[in-house]
file query-v5.cif (mmCIF, C-alpha atoms)
data_start
loop_
_atom_site.label_atom_id
_atom_site.label_comp_id
_atom_site.auth_asym_id
_atom_site.auth_seq_id
_atom_site.Cartn_x
_atom_site.Cartn_y
_atom_site.Cartn_z
CA MET A 18 233.34 150.27 -36.34
CA LYS A 19 232.30 146.77 -35.38
CA THR A 20 231.38 147.90 -31.86
CA GLU A 21 229.44 150.90 -33.17
CA ARG A 22 227.54 148.68 -35.59
CA ARG A 23 226.73 146.26 -32.76
CA PHE A 24 225.40 149.09 -30.59
CA ALA A 25 223.26 150.30 -33.52
CA GLU A 26 221.81 146.85 -34.18
CA ILE A 27 221.00 146.28 -30.51
CA LEU A 28 219.42 149.74 -30.20
CA LYS A 29 217.16 149.07 -33.20
CA THR A 30 216.15 145.72 -31.73
CA MET A 31 215.48 147.20 -28.30
CA MET A 32 213.45 150.06 -29.78
CA SER A 33 211.30 147.49 -31.57
CA GLU A 34 210.36 146.19 -28.13
CA GLN A 35 210.23 149.30 -25.93
CA PRO A 36 210.21 153.11 -26.10
CA LEU A 37 213.52 154.88 -26.51
CA ASP A 38 213.17 156.80 -23.26
CA THR A 39 213.18 153.50 -21.32
CA ILE A 40 216.48 152.37 -22.82
CA SER A 41 219.47 153.23 -20.66
CA VAL A 42 223.13 153.19 -21.57
CA SER A 43 223.64 150.54 -18.88
CA LEU A 44 221.01 148.24 -20.33
CA LEU A 45 222.24 148.78 -23.89
CA SER A 46 225.84 148.12 -22.85
CA LYS A 47 224.82 144.98 -20.99
CA LYS A 48 223.03 143.65 -24.09
CA CYS A 49 226.17 144.38 -26.14
CA HIS A 50 228.32 142.60 -23.53
CA VAL A 51 230.51 145.63 -22.91
CA ASN A 52 230.83 148.11 -20.07
CA ARG A 53 229.25 151.58 -20.03
CA GLN A 54 232.59 153.26 -20.70
CA THR A 55 232.80 151.48 -24.04
CA PHE A 56 229.51 153.10 -25.02
CA TYR A 57 230.79 156.53 -23.99
CA TYR A 58 234.03 155.95 -25.88
CA HIS A 59 231.97 155.76 -29.09
CA PHE A 60 228.93 157.94 -28.37
CA HIS A 61 227.96 160.99 -26.35
CA ASP A 62 224.49 159.65 -25.50
CA ILE A 63 221.67 157.44 -26.83
CA TYR A 64 220.59 160.12 -29.31
CA ASP A 65 224.10 160.27 -30.71
CA LEU A 66 223.84 156.52 -31.32
CA LEU A 67 220.40 156.95 -32.90
CA MET A 68 221.89 159.55 -35.23
CA VAL A 69 224.55 157.03 -36.27
CA VAL A 70 221.79 154.49 -36.94
CA PHE A 71 220.08 156.86 -39.37
CA LEU A 72 223.35 157.94 -40.97
CA ASN A 73 224.00 154.30 -41.84
CA GLU A 74 220.43 153.34 -42.78
CA LYS A 75 219.47 152.87 -46.41
CA ILE A 76 216.03 152.80 -47.97
CA PRO A 77 216.16 149.85 -50.36
CA ASN A 78 215.69 150.70 -54.05
CA ILE A 79 215.24 154.44 -53.47
CA ASN A 80 218.08 155.16 -55.89
CA GLU A 81 216.11 153.53 -58.71
CA CYS A 82 212.97 155.66 -58.26
CA LYS A 83 211.75 157.31 -61.43
CA ASN A 84 208.87 159.31 -59.96
CA LEU A 85 207.10 160.40 -56.78
CA ARG A 86 204.93 157.29 -56.61
CA SER A 87 207.90 154.89 -56.68
CA MET A 88 209.70 157.02 -54.07
CA LEU A 89 206.68 156.84 -51.76
CA ALA A 90 206.49 153.08 -52.28
CA CYS A 91 210.15 152.67 -51.27
CA ILE A 92 209.70 154.84 -48.18
CA PHE A 93 206.54 152.96 -47.21
CA ASP A 94 208.28 149.58 -47.67
CA TYR A 95 211.13 150.81 -45.46
CA TYR A 96 208.59 151.90 -42.85
CA THR A 97 206.75 148.57 -42.86
CA SER A 98 210.04 146.67 -42.57
CA ASN A 99 211.07 148.79 -39.57
CA LYS A 100 207.65 149.72 -38.16
CA MET A 101 208.27 149.18 -34.46
CA PHE A 102 211.66 150.92 -34.54
CA ILE A 103 210.32 153.90 -36.50
CA ASP A 104 207.19 154.22 -34.37
CA ALA A 105 209.39 154.24 -31.25
CA THR A 106 211.59 156.90 -32.86
CA LEU A 107 208.59 159.04 -33.79
CA GLU A 108 207.40 158.90 -30.18
CA SER A 109 210.76 160.07 -28.84
CA ALA A 110 212.96 163.12 -28.87
CA GLY A 111 214.76 161.41 -31.75
CA LYS A 112 211.87 162.18 -34.12
CA ASP A 113 213.91 164.92 -35.79
CA LEU A 114 216.61 162.40 -36.71
CA PHE A 115 214.08 160.28 -38.59
CA SER A 116 212.62 163.42 -40.21
CA GLU A 117 216.07 164.42 -41.43
CA PHE A 118 216.66 160.88 -42.72
CA ILE A 119 213.44 160.98 -44.77
CA PHE A 120 214.17 164.53 -45.98
CA ASN A 121 217.65 163.54 -47.17
CA ASN A 122 216.26 160.55 -49.08
CA CYS A 123 213.53 162.69 -50.66
CA TYR A 124 216.08 165.39 -51.51
CA GLN A 125 218.38 162.91 -53.28
CA CYS A 126 215.49 161.36 -55.17
CA PHE A 127 214.06 164.70 -56.32
CA MET A 128 217.53 165.91 -57.28
CA ARG A 129 217.96 162.91 -59.58
CA LEU A 130 214.59 163.67 -61.16
CA ILE A 131 215.37 167.38 -61.59
CA GLN A 132 218.74 166.57 -63.15
CA GLN A 133 216.97 164.34 -65.63
CA TYR A 134 214.19 166.85 -66.39
CA SER A 135 216.56 169.78 -66.76
CA GLU A 136 218.90 168.19 -69.31
CA GLY A 137 219.41 170.68 -72.12
CA LYS A 138 217.56 173.42 -70.23
CA ASN A 139 219.07 176.66 -68.97
CA VAL A 140 218.63 176.04 -65.23
CA THR A 141 221.30 176.82 -62.65
CA ALA A 142 222.34 174.55 -59.80
CA THR A 143 220.86 177.08 -57.32
CA GLU A 144 217.50 177.01 -59.10
CA LYS A 145 217.50 173.21 -59.11
CA LYS A 146 218.30 173.13 -55.39
CA SER A 147 215.48 175.57 -54.63
CA ILE A 148 212.94 173.39 -56.44
CA VAL A 149 214.28 170.21 -54.84
CA ARG A 150 214.24 171.70 -51.31
CA PHE A 151 210.64 172.82 -51.79
CA TYR A 152 209.48 169.36 -52.87
CA ALA A 153 211.66 167.44 -50.41
CA TYR A 154 210.48 169.48 -47.40
CA GLY A 155 206.84 169.22 -48.39
CA VAL A 156 206.87 165.51 -49.13
CA SER A 157 209.08 164.47 -46.22
CA ASN A 158 207.09 166.48 -43.67
CA SER A 159 203.81 165.07 -44.99
CA VAL A 160 205.22 161.52 -44.86
CA ILE A 161 206.42 161.99 -41.27
CA ASN A 162 203.06 163.44 -40.27
CA TYR A 163 201.29 160.48 -41.91
CA PHE A 164 203.46 157.90 -40.12
CA ALA A 165 203.12 159.71 -36.79
CA SER A 166 199.38 160.33 -36.86
CA HIS A 167 197.59 157.57 -38.79
CA LYS A 168 196.71 154.34 -37.02
CA ASN A 169 196.01 152.13 -40.05
CA LYS A 170 198.76 152.89 -42.51
CA ASN A 171 198.77 151.68 -46.11
CA LEU A 172 200.51 152.74 -49.27
CA ARG A 173 197.34 153.81 -51.06
CA ASP A 174 196.41 156.27 -48.29
CA LEU A 175 199.94 157.66 -48.30
CA GLU A 176 199.86 158.09 -52.09
CA ASN A 177 196.46 159.78 -51.84
CA LEU A 178 198.05 162.59 -49.82
CA PHE A 179 199.94 163.53 -52.98
CA LEU A 180 197.28 163.16 -55.68
CA PHE A 181 197.57 166.89 -56.37
CA LEU A 182 201.32 166.63 -56.91
CA GLU A 183 202.14 165.12 -60.26
CA ASP A 184 205.58 164.57 -61.74
CA ARG A 185 204.68 166.79 -64.67
CA PHE A 186 204.67 169.78 -62.28
CA LEU A 187 208.39 169.29 -61.72
CA LYS A 188 208.93 169.25 -65.47
CA LYS A 189 206.75 172.34 -65.94
CA GLY A 190 208.72 174.19 -63.26
CA ILE A 191 211.98 173.50 -65.07
CA ILE A 192 210.50 174.60 -68.40
CA LYS A 193 209.13 177.84 -66.89
CA ILE A 194 212.50 178.74 -65.39
CA SER A 195 214.28 177.99 -68.63
CA GLU A 196 211.76 179.95 -70.76
CA ALA A 197 211.81 182.95 -68.40
CA LYS A 198 215.54 183.33 -69.05
CA LYS A 199 214.94 183.51 -72.81
CA LYS A 200 212.75 186.61 -72.45
#

call {"tool": "encode", "arguments": {"input": "query-v5.cif", "output": "C-alpha cells"}}
result
Amino acid sequence: MKTERRFAEILKTMMSEQPLDTISVSLLSKKCHVNRQTFYYHFHDIYDLLMVVFLNEKIPNINECKNLRSMLACIFDYYTSNKMFIDATLESAGKDLFSEFIFNNCYQCFMRLIQQYSEGKNVTATEKKSIVRFYAYGVSNSVINYFASHKNKNLRDLENLFLFLEDRFLKKGIIKISEAKKK
C-alpha cells in the first residue's frame, strides 16, 4: 500500500505541473525511485492509478453537509485546493473518473439528506434511491461542466447555477410520495 500511495502522490504532483497525457510510466517510476515493473505490479496503466487516486480521495467536510449550498461549498473548496490536478484530469481521458468521484460524493450527501427528510414517512429504499440518483446526476454533471468550461471560477457563480433547486423541493418530493401511498 505504501508504494501505491507514493505513486498516487507523485501522479497528483506531476499532474499539477503537466497534462496527464505527457506523463509516462517511465517518468512516474523514475520520480518514485522504482523501476517500471514495480508500477506494472501495482497498476495496469496510468488511468488505473488515477482511478486509485480518486478512490482514496476525500472531500473535506462533505459528510457534515446539511444542504445543497454547503455541499457545493465543500466541492468548490476541494476543487480550489486541487485546481491544477483537477484541471489536468478534466482535460484528459480520465475526466470520467473525476465525474464519478463527484457523483459518488453528491450521491452520499443527498442520501443523507433524504434519509433525514423521510424519517417517519412511508418511502421505500428504491424510491429514495431514485430521488437521490436524479439529484446526484444533475448536480454532479452541472458541477463538472462548470469546472471544465468556466475560466474564472468562484463559489457564488457555482451556487447561482442551482438557484432554482432549493432543499425544500427534496422535502416536497418525499411528502408527495408518502401522501400518494395514502390514497

call {"tool": "residues_around", "arguments": {"input": "query-v5.cif", "residues": "A:Cys82", "least_positions_apart": "4", "cutoff": "12 Å", "atoms": "all atoms listed in the file", "output": "PyMOL selection string"}}
result
chain A and resi 76-78+86-92+122-123+125-130

call {"tool": "write_last_selection", "arguments": {"input": "query-v5.cif", "atoms": "C-alpha atoms", "output": "PDB file, keeping the file's coordinate frame"}}
result
ATOM      1  CA  ILE A  76     216.030 152.800 -47.970  1.00  0.00           C
ATOM      2  CA  PRO A  77     216.160 149.850 -50.360  1.00  0.00           C
ATOM      3  CA  ASN A  78     215.690 150.700 -54.050  1.00  0.00           C
ATOM      4  CA  ARG A  86     204.930 157.290 -56.610  1.00  0.00           C
ATOM      5  CA  SER A  87     207.900 154.890 -56.680  1.00  0.00           C
ATOM      6  CA  MET A  88     209.700 157.020 -54.070  1.00  0.00           C
ATOM      7  CA  LEU A  89     206.680 156.840 -51.760  1.00  0.00           C
ATOM      8  CA  ALA A  90     206.490 153.080 -52.280  1.00  0.00           C
ATOM      9  CA  CYS A  91     210.150 152.670 -51.270  1.00  0.00           C
ATOM     10  CA  ILE A  92     209.700 154.840 -48.180  1.00  0.00           C
ATOM     11  CA  ASN A 122     216.260 160.550 -49.080  1.00  0.00           C
ATOM     12  CA  CYS A 123     213.530 162.690 -50.660  1.00  0.00           C
ATOM     13  CA  GLN A 125     218.380 162.910 -53.280  1.00  0.00           C
ATOM     14  CA  CYS A 126     215.490 161.360 -55.170  1.00  0.00           C
ATOM     15  CA  PHE A 127     214.060 164.700 -56.320  1.00  0.00           C
ATOM     16  CA  MET A 128     217.530 165.910 -57.280  1.00  0.00           C
ATOM     17  CA  ARG A 129     217.960 162.910 -59.580  1.00  0.00           C
ATOM     18  CA  LEU A 130     214.590 163.670 -61.160  1.00  0.00           C
TER      19      LEU A 130
END

call {"tool": "atom_distance", "arguments": {"input": "query-v5.cif", "atom1": "atom CA of A:Pro36", "atom2": "atom CA of A:Ala105"}}
result
5.3 Å

call {"tool": "resolve_selection", "arguments": {"input": "query-v5.cif", "expression": "the PyMOL selection byres ((chain A and resi 190) around 12)", "output": "number ranges by chain"}}
result
A: 131, 134-135, 138, 140, 144-145, 147-149, 151-152, 183-189, 191-197

call {"tool": "write_last_selection", "arguments": {"input": "query-v5.cif", "atoms": "C-alpha atoms", "output": "short mmCIF file (atom, residue, chain, number, x, y, z; two decimals), keeping the file's coordinate frame"}}
result
data_model
loop_
_atom_site.label_atom_id
_atom_site.label_comp_id
_atom_site.auth_asym_id
_atom_site.auth_seq_id
_atom_site.Cartn_x
_atom_site.Cartn_y
_atom_site.Cartn_z
CA ILE A 131 215.37 167.38 -61.59
CA TYR A 134 214.19 166.85 -66.39
CA SER A 135 216.56 169.78 -66.76
CA LYS A 138 217.56 173.42 -70.23
CA VAL A 140 218.63 176.04 -65.23
CA GLU A 144 217.50 177.01 -59.10
CA LYS A 145 217.50 173.21 -59.11
CA SER A 147 215.48 175.57 -54.63
CA ILE A 148 212.94 173.39 -56.44
CA VAL A 149 214.28 170.21 -54.84
CA PHE A 151 210.64 172.82 -51.79
CA TYR A 152 209.48 169.36 -52.87
CA GLU A 183 202.14 165.12 -60.26
CA ASP A 184 205.58 164.57 -61.74
CA ARG A 185 204.68 166.79 -64.67
CA PHE A 186 204.67 169.78 -62.28
CA LEU A 187 208.39 169.29 -61.72
CA LYS A 188 208.93 169.25 -65.47
CA LYS A 189 206.75 172.34 -65.94
CA ILE A 191 211.98 173.50 -65.07
CA ILE A 192 210.50 174.60 -68.40
CA LYS A 193 209.13 177.84 -66.89
CA ILE A 194 212.50 178.74 -65.39
CA SER A 195 214.28 177.99 -68.63
CA GLU A 196 211.76 179.95 -70.76
CA ALA A 197 211.81 182.95 -68.40
#

call {"tool": "atom_distance", "arguments": {"input": "query-v5.cif", "atom1": "atom CA of A:Leu182", "atom2": "atom CA of A:Glu108"}}
result
28.5 Å

call {"tool": "residues_near_point", "arguments": {"input": "query-v5.cif", "point": "(215.1, 147.2, -27.2)", "cutoff": "12 Å", "atoms": "all atoms listed in the file", "output": "PyMOL selection string"}}
result
chain A and resi 24-42+44-49+101-102+105-106

call {"tool": "residues_near_point", "arguments": {"input": "query-v5.cif", "point": "(213.6, 161.4, -33.9)", "cutoff": "12 Å", "atoms": "only C-alpha atoms", "output": "JSON, numbers by chain"}}
result
{"A": [36, 37, 38, 63, 64, 65, 66, 67, 68, 70, 71, 102, 103, 104, 105, 106, 107, 108, 109, 110, 111, 112, 113, 114, 115, 116, 117, 118, 119, 161, 165]}

call {"tool": "closest_residue", "arguments": {"input": "query-v5.cif", "among": "A:Ser98, A:Thr20, A:Ser159, A:Gln133", "to": "A:Asp174", "atoms": "all atoms listed in the file"}}
result
A:Ser159

call {"tool": "axis_aligned_box", "arguments": {"input": "query-v5.cif", "around": "stretch 63-73 of chain A", "padding_each_side": "5 Å", "output": "AutoDock Vina command-line options"}}
result
--center_x 222.3 --center_y 157.3 --center_z -34.3 --size_x 14.5 --size_y 16.0 --size_z 25.0

call {"tool": "atom_distance", "arguments": {"input": "query-v5.cif", "atom1": "atom CA of A:Val156", "atom2": "atom CA of A:Leu178"}}
result
9.3 Å

call {"tool": "closest_residue", "arguments": {"input": "query-v5.cif", "among": "A:Leu85, A:Lys146, A:Asn73, A:Glu136", "to": "A:Phe181", "atoms": "all atoms listed in the file"}}
result
A:Leu85

call {"tool": "closest_residue", "arguments": {"input": "query-v5.cif", "among": "A:Arg22, A:Lys170, A:Arg150, A:Lys199", "to": "A:Phe60", "atoms": "only C-alpha atoms"}}
result
A:Arg22

call {"tool": "closest_residue", "arguments": {"input": "query-v5.cif", "among": "A:Glu21, A:Asn169, A:Asn80, A:Asn162", "to": "A:Val51", "atoms": "only C-alpha atoms"}}
result
A:Glu21

call {"tool": "build_atoms", "arguments": {"input": "query-v5.cif", "residues": "stretch 169-183 of chain A", "atoms": "N, CA, C and O atoms", "output": "mmCIF file, keeping the file's coordinate frame"}}
result
data_model
loop_
_atom_site.group_PDB
_atom_site.id
_atom_site.type_symbol
_atom_site.label_atom_id
_atom_site.label_comp_id
_atom_site.auth_asym_id
_atom_site.auth_seq_id
_atom_site.Cartn_x
_atom_site.Cartn_y
_atom_site.Cartn_z
ATOM 1 N N ASN A 169 195.986 153.185 -39.026
ATOM 2 C CA ASN A 169 196.010 152.130 -40.050
ATOM 3 C C ASN A 169 196.700 152.672 -41.297
ATOM 4 O O ASN A 169 196.092 153.362 -42.105
ATOM 5 N N LYS A 170 197.958 152.349 -41.422
ATOM 6 C CA LYS A 170 198.760 152.890 -42.510
ATOM 7 C C LYS A 170 198.767 151.928 -43.697
ATOM 8 O O LYS A 170 198.927 150.725 -43.522
ATOM 9 N N ASN A 171 198.597 152.483 -44.896
ATOM 10 C CA ASN A 171 198.770 151.680 -46.110
ATOM 11 C C ASN A 171 199.263 152.589 -47.219
ATOM 12 O O ASN A 171 199.102 153.811 -47.165
ATOM 13 N N LEU A 172 199.872 151.973 -48.195
ATOM 14 C CA LEU A 172 200.510 152.740 -49.270
ATOM 15 C C LEU A 172 199.503 153.581 -50.037
ATOM 16 O O LEU A 172 199.780 154.732 -50.360
ATOM 17 N N ARG A 173 198.340 153.059 -50.290
ATOM 18 C CA ARG A 173 197.340 153.810 -51.060
ATOM 19 C C ARG A 173 196.958 155.107 -50.353
ATOM 20 O O ARG A 173 196.873 156.161 -50.974
ATOM 21 N N ASP A 174 196.747 155.049 -49.044
ATOM 22 C CA ASP A 174 196.410 156.270 -48.290
ATOM 23 C C ASP A 174 197.564 157.271 -48.327
ATOM 24 O O ASP A 174 197.337 158.475 -48.435
ATOM 25 N N LEU A 175 198.776 156.772 -48.221
ATOM 26 C CA LEU A 175 199.940 157.660 -48.300
ATOM 27 C C LEU A 175 200.001 158.312 -49.679
ATOM 28 O O LEU A 175 200.181 159.529 -49.788
ATOM 29 N N GLU A 176 199.839 157.535 -50.725
ATOM 30 C CA GLU A 176 199.860 158.090 -52.090
ATOM 31 C C GLU A 176 198.745 159.107 -52.293
ATOM 32 O O GLU A 176 198.942 160.123 -52.976
ATOM 33 N N ASN A 177 197.590 158.867 -51.677
ATOM 34 C CA ASN A 177 196.460 159.780 -51.840
ATOM 35 C C ASN A 177 196.735 161.172 -51.276
ATOM 36 O O ASN A 177 196.119 162.154 -51.698
ATOM 37 N N LEU A 178 197.667 161.270 -50.341
ATOM 38 C CA LEU A 178 198.050 162.590 -49.820
ATOM 39 C C LEU A 178 198.679 163.462 -50.902
ATOM 40 O O LEU A 178 198.724 164.684 -50.776
ATOM 41 N N PHE A 179 199.179 162.818 -51.944
ATOM 42 C CA PHE A 179 199.940 163.530 -52.980
ATOM 43 C C PHE A 179 199.281 163.492 -54.349
ATOM 44 O O PHE A 179 199.942 163.719 -55.354
ATOM 45 N N LEU A 180 197.974 163.217 -54.395
ATOM 46 C CA LEU A 180 197.280 163.160 -55.680
ATOM 47 C C LEU A 180 197.403 164.469 -56.459
ATOM 48 O O LEU A 180 197.446 164.475 -57.684
ATOM 49 N N PHE A 181 197.469 165.569 -55.728
ATOM 50 C CA PHE A 181 197.570 166.890 -56.370
ATOM 51 C C PHE A 181 198.958 167.157 -56.934
ATOM 52 O O PHE A 181 199.145 168.075 -57.729
ATOM 53 N N LEU A 182 199.921 166.368 -56.550
ATOM 54 C CA LEU A 182 201.320 166.630 -56.910
ATOM 55 C C LEU A 182 201.770 165.607 -57.956
ATOM 56 O O LEU A 182 202.101 164.484 -57.624
ATOM 57 N N GLU A 183 201.763 166.017 -59.178
ATOM 58 C CA GLU A 183 202.140 165.120 -60.260
ATOM 59 C C GLU A 183 203.553 165.415 -60.722
ATOM 60 O O GLU A 183 204.030 166.546 -60.631
#
